[in-house]
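final.txt (compact mmCIF, C-alpha atoms) appears below.
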# COMPACT_ATOMS: atom_id res chain seq x y z
CA MET A 69 -0.27 9.41 -7.57
CA THR A 70 -1.03 11.23 -4.31
CA GLU A 71 -0.27 14.87 -3.59
CA SER A 72 2.97 13.79 -1.93
CA GLY A 73 4.15 12.20 -5.17
CA ALA A 74 3.74 8.64 -3.92
CA GLN A 75 2.54 6.05 -6.41
CA SER A 76 -0.89 4.83 -5.36
CA GLY A 77 -2.68 1.60 -6.13
CA PRO A 78 -6.42 1.03 -6.53
CA THR A 79 -7.31 0.87 -2.83
CA ALA A 80 -5.74 4.23 -1.99
CA LEU A 81 -7.21 5.86 -5.11
CA ARG A 82 -10.68 4.53 -4.30
CA ILE A 83 -10.42 5.99 -0.79
CA ILE A 84 -9.29 9.37 -2.16
CA LEU A 85 -12.01 9.52 -4.81
CA GLY A 86 -14.68 8.22 -2.44
CA ALA A 87 -13.88 10.88 0.16
CA HIS A 88 -14.01 13.56 -2.54
CA LEU A 89 -17.41 12.39 -3.75
CA ARG A 90 -18.73 12.36 -0.19
CA ARG A 91 -17.61 15.95 0.40
CA MET A 92 -19.23 17.04 -2.86
CA ARG A 93 -22.49 15.26 -2.03
CA GLU A 94 -22.68 16.80 1.43
CA ALA A 95 -21.85 20.26 0.06
CA ALA A 96 -24.69 19.87 -2.44
CA GLY A 97 -27.09 18.80 0.32
CA ILE A 98 -27.93 15.51 -1.40
CA SER A 99 -28.72 12.32 0.52
CA ARG A 100 -27.05 8.98 -0.18
CA SER A 101 -30.48 7.62 -1.10
CA ASP A 102 -30.97 10.25 -3.81
CA ALA A 103 -27.43 9.72 -5.06
CA GLY A 104 -28.08 5.97 -5.25
CA TRP A 105 -31.24 6.58 -7.26
CA GLU A 106 -29.27 8.72 -9.70
CA ILE A 107 -26.86 5.88 -10.50
CA ARG A 108 -29.59 3.23 -10.61
CA SER A 109 -28.35 1.68 -7.40
CA SER A 110 -28.85 1.91 -3.65
CA GLU A 111 -27.87 4.04 -0.67
CA SER A 112 -25.58 1.25 0.55
CA LYS A 113 -23.75 1.22 -2.82
CA VAL A 114 -23.08 4.95 -2.52
CA SER A 115 -21.86 4.42 1.05
CA ARG A 116 -19.42 1.72 -0.09
CA MET A 117 -18.20 3.95 -2.90
CA GLU A 118 -17.55 6.83 -0.51
CA LEU A 119 -15.60 4.53 1.78
CA GLY A 120 -13.50 3.22 -1.12
CA ARG A 121 -14.68 -0.35 -0.61
CA VAL A 122 -15.84 -1.03 -4.18
CA GLY A 123 -14.63 -0.25 -7.67
CA PHE A 124 -15.97 2.71 -9.62
CA LYS A 125 -17.87 2.65 -12.90
CA GLU A 126 -16.93 5.73 -14.88
CA ARG A 127 -20.57 6.23 -15.85
CA ASP A 128 -21.64 6.26 -12.18
CA VAL A 129 -18.98 8.81 -11.25
CA SER A 130 -19.95 10.98 -14.23
CA ASP A 131 -23.62 10.90 -13.23
CA LEU A 132 -22.79 11.78 -9.62
CA LEU A 133 -20.60 14.71 -10.65
CA THR A 134 -23.49 16.05 -12.75
CA LEU A 135 -25.90 15.56 -9.84
CA TYR A 136 -23.52 17.39 -7.49
CA GLY A 137 -23.33 20.32 -9.88
CA LEU A 138 -19.68 20.10 -10.95
CA ASP A 139 -19.29 22.50 -13.89
CA ASP A 140 -15.48 22.69 -13.99
CA GLY A 141 -14.53 20.61 -17.03
CA GLU A 142 -10.89 20.23 -15.98
CA GLU A 143 -11.80 19.04 -12.50
CA ARG A 144 -14.38 16.67 -13.97
CA ASP A 145 -11.79 15.13 -16.29
CA ARG A 146 -9.36 14.75 -13.38
CA LEU A 147 -11.90 12.90 -11.24
CA LEU A 148 -12.97 10.63 -14.09
CA SER A 149 -9.32 9.84 -14.77
CA LEU A 150 -8.95 9.02 -11.09
CA ALA A 151 -11.92 6.65 -11.36
CA ARG A 152 -10.26 4.85 -14.28
CA ASP A 153 -6.94 4.60 -12.46
CA ALA A 154 -8.70 3.22 -9.37
CA ASN A 155 -9.68 0.17 -11.40
CA ASN A 156 -6.15 -0.62 -12.52
CA PRO A 157 -4.30 -3.35 -10.57
CA GLY A 158 -1.15 -2.43 -8.61
CA TRP A 159 2.31 -3.76 -9.52
CA TRP A 160 1.99 -6.44 -6.80
CA HIS A 161 -0.80 -8.24 -8.67
CA ARG A 162 1.82 -9.99 -10.77
CA PHE A 163 2.88 -11.74 -7.55
CA GLY A 164 -0.64 -13.07 -6.96
CA ASP A 165 0.62 -16.66 -6.95
CA VAL A 166 2.57 -16.04 -3.71
CA LEU A 167 0.45 -13.26 -2.23
CA PRO A 168 -2.70 -13.81 -0.13
CA SER A 169 -5.63 -11.75 -1.37
CA TRP A 170 -6.00 -9.85 1.93
CA PHE A 171 -2.42 -8.55 1.62
CA HIS A 172 -3.12 -6.68 -1.63
CA SER A 173 -4.87 -3.82 0.17
CA TYR A 174 -2.01 -3.57 2.68
CA LEU A 175 0.59 -3.23 -0.08
CA ASP A 176 -1.63 -0.70 -1.81
CA LEU A 177 -1.81 1.53 1.27
CA GLU A 178 1.88 0.96 2.03
CA SER A 179 2.85 2.30 -1.39
CA ALA A 180 0.70 5.41 -0.87
CA ALA A 181 1.89 6.14 2.69
CA GLN A 182 3.97 9.17 3.63
CA LEU A 183 4.95 7.80 7.06
CA ILE A 184 5.18 4.22 8.30
CA ARG A 185 5.79 3.32 11.94
CA THR A 186 6.63 -0.26 12.84
CA TYR A 187 7.67 -2.20 15.96
CA GLU A 188 9.26 -5.62 15.56
CA LEU A 189 9.96 -8.25 18.20
CA GLN A 190 11.11 -11.18 16.05
CA PHE A 191 12.49 -10.08 12.71
CA VAL A 192 14.15 -7.16 10.98
CA PRO A 193 11.34 -5.04 9.47
CA GLY A 194 10.43 -6.31 6.01
CA LEU A 195 11.27 -2.99 4.36
CA LEU A 196 14.84 -3.30 5.69
CA GLN A 197 15.56 -6.97 5.04
CA THR A 198 18.36 -8.06 2.70
CA PRO A 199 17.56 -10.70 0.04
CA GLU A 200 19.56 -13.30 2.01
CA TYR A 201 17.60 -12.55 5.17
CA VAL A 202 14.28 -12.63 3.30
CA ARG A 203 15.21 -15.98 1.79
CA ALA A 204 15.84 -17.42 5.25
CA VAL A 205 12.65 -15.96 6.76
CA VAL A 206 10.50 -17.27 3.91
CA GLN A 207 11.66 -20.83 4.58
CA LEU A 208 11.25 -20.77 8.36
CA GLY A 209 8.79 -23.43 9.51
CA ARG A 210 7.56 -24.10 5.95
CA GLY A 211 9.41 -27.31 5.18
CA LEU A 212 10.61 -27.73 1.61
CA ILE A 213 9.53 -24.84 -0.63
CA PRO A 214 10.22 -24.84 -4.37
CA ALA A 215 13.19 -22.59 -5.16
CA GLU A 216 11.11 -20.65 -7.70
CA GLU A 217 8.50 -19.76 -5.07
CA VAL A 218 11.22 -18.65 -2.64
CA GLU A 219 12.72 -16.33 -5.23
CA ARG A 220 9.29 -14.93 -6.10
CA ARG A 221 8.73 -14.04 -2.45
CA VAL A 222 12.18 -12.46 -2.23
CA ALA A 223 11.47 -10.40 -5.36
CA LEU A 224 8.15 -9.24 -3.92
CA ARG A 225 9.78 -7.94 -0.75
CA VAL A 226 12.63 -6.27 -2.63
CA ASN A 227 10.08 -4.51 -4.84
CA ARG A 228 8.25 -3.24 -1.75
CA GLN A 229 11.47 -1.64 -0.50
CA GLU A 230 11.55 0.75 -3.45
CA ILE A 231 9.22 3.08 -1.53
CA LEU A 232 12.26 4.03 0.56
CA THR A 233 14.34 5.21 -2.39
CA ARG A 234 11.79 6.59 -4.87
CA PRO A 235 11.80 10.35 -5.69
CA SER A 236 9.29 11.09 -2.90
CA PRO A 237 10.24 8.34 -0.43
CA VAL A 238 8.16 7.18 2.50
CA ARG A 239 9.45 8.08 5.96
CA LEU A 240 10.05 4.92 7.99
CA TRP A 241 10.30 4.90 11.77
CA ALA A 242 11.25 1.41 12.92
CA VAL A 243 11.73 0.24 16.50
CA VAL A 244 13.15 -3.26 16.95
CA ASP A 245 13.80 -5.36 20.02
CA GLU A 246 17.50 -6.01 20.63
CA SER A 247 16.89 -9.76 20.28
CA VAL A 248 16.10 -9.19 16.60
CA LEU A 249 19.73 -8.22 16.01
CA ARG A 250 21.02 -11.25 17.93
CA ARG A 251 18.76 -13.90 16.39
CA PRO A 252 20.88 -15.69 13.73
CA ILE A 253 18.35 -15.87 10.91
CA GLY A 254 19.95 -17.65 7.97
CA GLY A 255 23.25 -18.17 9.76
CA VAL A 256 26.26 -16.02 10.57
CA LYS A 257 26.95 -14.76 7.05
CA SER A 258 23.33 -13.80 6.45
CA MET A 259 23.16 -11.85 9.72
CA ARG A 260 26.48 -10.10 9.08
CA LEU A 261 25.20 -8.86 5.72
CA GLN A 262 21.91 -7.83 7.31
CA LEU A 263 23.54 -5.88 10.14
CA GLU A 264 25.92 -4.15 7.70
CA TYR A 265 22.94 -3.13 5.59
CA LEU A 266 21.10 -1.74 8.62
CA LEU A 267 24.13 0.38 9.49
CA GLU A 268 24.23 1.75 5.94
CA ALA A 269 20.47 2.32 5.91
CA THR A 270 20.62 4.53 9.01
CA HIS A 271 22.26 7.19 6.82
CA MET A 272 19.04 7.53 4.84
CA PRO A 273 17.40 10.85 5.82
CA ASN A 274 13.93 9.30 5.70
CA LEU A 275 14.74 6.42 8.07
CA THR A 276 14.73 6.35 11.86
CA LEU A 277 15.88 3.03 13.35
CA GLN A 278 15.81 2.50 17.10
CA VAL A 279 16.80 -0.56 19.14
CA MET A 280 15.04 -1.28 22.41
Output the file's structure in the form of structure tokens.
Amino acid sequence: MTESGAQSGPTALRIILGAHLRRMREAAGISRSDAGWEIRSSESKVSRMELGRVGFKERDVSDLLTLYGLDDGEERDRLLSLARDANNPGWWHRFGDVLPSWFHSYLDLESAAQLIRTYELQFVPGLLQTPEYVRAVVQLGRGLIPAEEVERRVALRVNRQEILTRPSPVRLWAVVDESVLRRPIGGVKSMRLQLEYLLEATHMPNLTLQVM
């Protein structure tokens, strides 16, 4: 969980912990090369850790904290707990069968964000799509898709939308082209439900929706 109260997945936690370790290393006046030696690895491994691009071994983090001179037991425990959490998969991993691997990091950062800005030319922003609209978008240009896969993709998108209504919700600023509201995705009924939902959603204090 970030300071804002947002639930964070492994990518965001690795970035947070990596940045913290970098600040501690620099404050201690220790080079990446020396830090790499301490954890029986290399300078490049330390660099990747500080950038949040690799997972963390609790032993490595513990050794680095000792090297950097961290004496505060409570802070040490907090950072080691963060290292453990950074290795846990996010909720979206259960949708791995319908989710490309590159999209995992995006969802991770999306769930940890405090503010999201988006501009859409073709479709209603994903975080504001109704299940009926999602169902229609998923099937566009894909031919015949098994009904189970369609519903899995719908469920994934609906789960993503929870960041708008959680206790510390993300702020969403969405700008859409007017054609998005006129393009009949899924037919008349689907679009009517979608437009009604957008009107209701504009009452959310954390949402700004603009039409260009």
- Item | Surrounding residues of Glu188 of chain A excluding itself and chain neighbours under 6 positions, 9 Å, only C-alpha atoms, as a list in words | Ala242, Val243, Val244, Asp245 and Val248 of chain A
Kindly save the residues from that selection, with C-alpha atoms included, as a PDB file, in the coordinates of the input.
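Result went into out-v5.pdb, see below:
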ATOM      1  CA  ALA A 242      11.250   1.410  12.920  1.00  0.00           C
ATOM      2  CA  VAL A 243      11.730   0.240  16.500  1.00  0.00           C
ATOM      3  CA  VAL A 244      13.150  -3.260  16.950  1.00  0.00           C
ATOM      4  CA  ASP A 245      13.800  -5.360  20.020  1.00  0.00           C
ATOM      5  CA  VAL A 248      16.100  -9.190  16.600  1.00  0.00           C
TER       6      VAL A 248
END
- Of the candidates A:Leu147, A:Gly137, A:Leu196, A:Gly77, which shows the shortest atom-to-atom distance to Glu268 of chain A, using all atoms listed in the file?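 The shortest atom-to-atom distance to Glu268 of chain A comes from A:Leu196.
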- Query: Pick the closest to Arg225 of chain A from A:Trp160, A:Tyr187, A:Arg152, A:His172: which is it, counting all atoms listed in the file?
  - Reply: A:Trp160
- Message: Considering all atoms listed in the file, can you say which of A:Leu240, A:Ala269, A:Leu85, A:Ala215 comes closest to Ala151 of chain A?
- Response: A:Leu85
- Message: Rounded to one decimal, what separation in Å do you get between atom CA of Glu246 of chain A and atom CA of Val222 of chain A?
- Response: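 According to the coordinates, atom CA of Glu246 of chain A and atom CA of Val222 of chain A are separated by 24.3 Å.
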- Task: Identify, on the basis of all atoms listed in the file, every residue whose closest approach to Leu267 of chain A does not exceed 12 Å; exclude the query and any residue fewer than 5 positions from it along the same chain; express the result as a ChimeraX atom specification.
- Result: /A:196,249,260-262,272,275-278
- Message: Calculated over all atoms listed in the file, which of the candidates A:Asp176, A:Trp241, A:His88, A:Gly120 has the smallest distance to Leu195 of chain A?
- Response: A:Trp241
- Message: Under the rule that all atoms listed in the file are counted, which of A:Leu189, A:Val279, A:Ala103, A:Ile253 is the nearest residue to Val206 of chain A?
- Response: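 Checking each candidate against Val206 of chain A, we get A:Ile253 as the closest.
Closest to His161 of chain A among A:Leu224, A:Met259, A:Leu133, A:Ala180 is A:Leu224, based on all atoms listed in the file.
The two atoms in question, atom CA of Ser236 of chain A and atom CA of Glu200 of chain A, are spaced 26.9 Å apart.
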- Work out how far apart atom CA of Asn156 of chain A and atom CA of Ser169 of chain A are and give it in Å to one decimal.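 Straight-line distance from atom CA of Asn156 of chain A to atom CA of Ser169 of chain A works out to 15.8 Å.
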Your completed segment 154-180 of chain A with N, CA, C and O atoms, as a PDB file, in the coordinates of the input:
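Okay, this is what ended up in result11.pdb:
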ATOM      1  N   ALA A 154      -8.346   3.992 -10.561  1.00  0.00           N
ATOM      2  CA  ALA A 154      -8.700   3.220  -9.370  1.00  0.00           C
ATOM      3  C   ALA A 154      -9.094   1.791  -9.711  1.00  0.00           C
ATOM      4  O   ALA A 154      -9.170   0.939  -8.812  1.00  0.00           O
ATOM      5  N   ASN A 155      -9.325   1.525 -10.977  1.00  0.00           N
ATOM      6  CA  ASN A 155      -9.680   0.170 -11.400  1.00  0.00           C
ATOM      7  C   ASN A 155      -8.491  -0.602 -11.951  1.00  0.00           C
ATOM      8  O   ASN A 155      -8.622  -1.768 -12.309  1.00  0.00           O
ATOM      9  N   ASN A 156      -7.341   0.057 -12.027  1.00  0.00           N
ATOM     10  CA  ASN A 156      -6.150  -0.620 -12.520  1.00  0.00           C
ATOM     11  C   ASN A 156      -5.447  -1.372 -11.391  1.00  0.00           C
ATOM     12  O   ASN A 156      -5.305  -0.833 -10.282  1.00  0.00           O
ATOM     13  N   PRO A 157      -4.990  -2.592 -11.621  1.00  0.00           N
ATOM     14  CA  PRO A 157      -4.300  -3.350 -10.570  1.00  0.00           C
ATOM     15  C   PRO A 157      -2.926  -2.756 -10.256  1.00  0.00           C
ATOM     16  O   PRO A 157      -2.283  -2.155 -11.122  1.00  0.00           O
ATOM     17  N   GLY A 158      -2.476  -2.906  -9.019  1.00  0.00           N
ATOM     18  CA  GLY A 158      -1.150  -2.430  -8.610  1.00  0.00           C
ATOM     19  C   GLY A 158      -0.066  -3.376  -9.115  1.00  0.00           C
ATOM     20  O   GLY A 158      -0.353  -4.500  -9.565  1.00  0.00           O
ATOM     21  N   TRP A 159       1.197  -2.943  -9.023  1.00  0.00           N
ATOM     22  CA  TRP A 159       2.310  -3.760  -9.520  1.00  0.00           C
ATOM     23  C   TRP A 159       2.371  -5.129  -8.842  1.00  0.00           C
ATOM     24  O   TRP A 159       2.832  -6.110  -9.431  1.00  0.00           O
ATOM     25  N   TRP A 160       1.884  -5.209  -7.592  1.00  0.00           N
ATOM     26  CA  TRP A 160       1.990  -6.440  -6.800  1.00  0.00           C
ATOM     27  C   TRP A 160       1.061  -7.543  -7.305  1.00  0.00           C
ATOM     28  O   TRP A 160       1.202  -8.696  -6.916  1.00  0.00           O
ATOM     29  N   HIS A 161       0.123  -7.208  -8.181  1.00  0.00           N
ATOM     30  CA  HIS A 161      -0.800  -8.240  -8.670  1.00  0.00           C
ATOM     31  C   HIS A 161      -0.067  -9.303  -9.481  1.00  0.00           C
ATOM     32  O   HIS A 161      -0.558 -10.431  -9.607  1.00  0.00           O
ATOM     33  N   ARG A 162       1.091  -8.979 -10.020  1.00  0.00           N
ATOM     34  CA  ARG A 162       1.820  -9.990 -10.770  1.00  0.00           C
ATOM     35  C   ARG A 162       2.449 -11.029  -9.849  1.00  0.00           C
ATOM     36  O   ARG A 162       2.980 -12.049 -10.309  1.00  0.00           O
ATOM     37  N   PHE A 163       2.392 -10.775  -8.533  1.00  0.00           N
ATOM     38  CA  PHE A 163       2.880 -11.740  -7.550  1.00  0.00           C
ATOM     39  C   PHE A 163       1.710 -12.464  -6.877  1.00  0.00           C
ATOM     40  O   PHE A 163       1.848 -13.010  -5.791  1.00  0.00           O
ATOM     41  N   GLY A 164       0.561 -12.463  -7.543  1.00  0.00           N
ATOM     42  CA  GLY A 164      -0.640 -13.070  -6.960  1.00  0.00           C
ATOM     43  C   GLY A 164      -0.483 -14.522  -6.585  1.00  0.00           C
ATOM     44  O   GLY A 164      -1.172 -15.017  -5.688  1.00  0.00           O
ATOM     45  N   ASP A 165       0.433 -15.234  -7.241  1.00  0.00           N
ATOM     46  CA  ASP A 165       0.620 -16.660  -6.950  1.00  0.00           C
ATOM     47  C   ASP A 165       1.263 -16.887  -5.580  1.00  0.00           C
ATOM     48  O   ASP A 165       1.154 -17.981  -5.014  1.00  0.00           O
ATOM     49  N   VAL A 166       1.935 -15.872  -5.020  1.00  0.00           N
ATOM     50  CA  VAL A 166       2.570 -16.040  -3.710  1.00  0.00           C
ATOM     51  C   VAL A 166       2.054 -15.013  -2.703  1.00  0.00           C
ATOM     52  O   VAL A 166       2.630 -14.850  -1.628  1.00  0.00           O
ATOM     53  N   LEU A 167       0.959 -14.356  -3.056  1.00  0.00           N
ATOM     54  CA  LEU A 167       0.450 -13.260  -2.230  1.00  0.00           C
ATOM     55  C   LEU A 167      -0.999 -13.528  -1.832  1.00  0.00           C
ATOM     56  O   LEU A 167      -1.855 -13.660  -2.708  1.00  0.00           O
ATOM     57  N   PRO A 168      -1.299 -13.615  -0.522  1.00  0.00           N
ATOM     58  CA  PRO A 168      -2.700 -13.810  -0.130  1.00  0.00           C
ATOM     59  C   PRO A 168      -3.528 -12.593  -0.518  1.00  0.00           C
ATOM     60  O   PRO A 168      -3.034 -11.461  -0.513  1.00  0.00           O
ATOM     61  N   SER A 169      -4.778 -12.826  -0.861  1.00  0.00           N
ATOM     62  CA  SER A 169      -5.630 -11.750  -1.370  1.00  0.00           C
ATOM     63  C   SER A 169      -5.776 -10.597  -0.375  1.00  0.00           C
ATOM     64  O   SER A 169      -5.837  -9.436  -0.774  1.00  0.00           O
ATOM     65  N   TRP A 170      -5.811 -10.907   0.935  1.00  0.00           N
ATOM     66  CA  TRP A 170      -6.000  -9.850   1.930  1.00  0.00           C
ATOM     67  C   TRP A 170      -4.804  -8.901   2.000  1.00  0.00           C
ATOM     68  O   TRP A 170      -4.933  -7.761   2.455  1.00  0.00           O
ATOM     69  N   PHE A 171      -3.637  -9.360   1.511  1.00  0.00           N
ATOM     70  CA  PHE A 171      -2.420  -8.550   1.620  1.00  0.00           C
ATOM     71  C   PHE A 171      -2.336  -7.502   0.516  1.00  0.00           C
ATOM     72  O   PHE A 171      -1.546  -6.572   0.605  1.00  0.00           O
ATOM     73  N   HIS A 172      -3.153  -7.636  -0.526  1.00  0.00           N
ATOM     74  CA  HIS A 172      -3.120  -6.680  -1.630  1.00  0.00           C
ATOM     75  C   HIS A 172      -3.431  -5.269  -1.142  1.00  0.00           C
ATOM     76  O   HIS A 172      -2.744  -4.307  -1.506  1.00  0.00           O
ATOM     77  N   SER A 173      -4.476  -5.147  -0.324  1.00  0.00           N
ATOM     78  CA  SER A 173      -4.870  -3.820   0.170  1.00  0.00           C
ATOM     79  C   SER A 173      -3.780  -3.223   1.047  1.00  0.00           C
ATOM     80  O   SER A 173      -3.523  -2.011   1.015  1.00  0.00           O
ATOM     81  N   TYR A 174      -3.096  -4.068   1.838  1.00  0.00           N
ATOM     82  CA  TYR A 174      -2.010  -3.570   2.680  1.00  0.00           C
ATOM     83  C   TYR A 174      -0.893  -2.983   1.833  1.00  0.00           C
ATOM     84  O   TYR A 174      -0.399  -1.878   2.100  1.00  0.00           O
ATOM     85  N   LEU A 175      -0.487  -3.711   0.789  1.00  0.00           N
ATOM     86  CA  LEU A 175       0.590  -3.230  -0.080  1.00  0.00           C
ATOM     87  C   LEU A 175       0.171  -1.951  -0.799  1.00  0.00           C
ATOM     88  O   LEU A 175       0.992  -1.048  -1.019  1.00  0.00           O
ATOM     89  N   ASP A 176      -1.092  -1.886  -1.154  1.00  0.00           N
ATOM     90  CA  ASP A 176      -1.630  -0.700  -1.810  1.00  0.00           C
ATOM     91  C   ASP A 176      -1.468   0.528  -0.914  1.00  0.00           C
ATOM     92  O   ASP A 176      -0.954   1.571  -1.320  1.00  0.00           O
ATOM     93  N   LEU A 177      -1.898   0.400   0.336  1.00  0.00           N
ATOM     94  CA  LEU A 177      -1.810   1.530   1.270  1.00  0.00           C
ATOM     95  C   LEU A 177      -0.356   1.819   1.651  1.00  0.00           C
ATOM     96  O   LEU A 177       0.016   2.977   1.850  1.00  0.00           O
ATOM     97  N   GLU A 178       0.460   0.771   1.733  1.00  0.00           N
ATOM     98  CA  GLU A 178       1.880   0.960   2.030  1.00  0.00           C
ATOM     99  C   GLU A 178       2.546   1.817   0.961  1.00  0.00           C
ATOM    100  O   GLU A 178       3.331   2.723   1.262  1.00  0.00           O
ATOM    101  N   SER A 179       2.222   1.563  -0.300  1.00  0.00           N
ATOM    102  CA  SER A 179       2.850   2.300  -1.390  1.00  0.00           C
ATOM    103  C   SER A 179       2.396   3.754  -1.431  1.00  0.00           C
ATOM    104  O   SER A 179       3.090   4.616  -1.979  1.00  0.00           O
ATOM    105  N   ALA A 180       1.224   4.036  -0.848  1.00  0.00           N
ATOM    106  CA  ALA A 180       0.700   5.410  -0.870  1.00  0.00           C
ATOM    107  C   ALA A 180       1.045   6.186   0.397  1.00  0.00           C
ATOM    108  O   ALA A 180       0.812   7.389   0.474  1.00  0.00           O
TER     109      ALA A 180
END
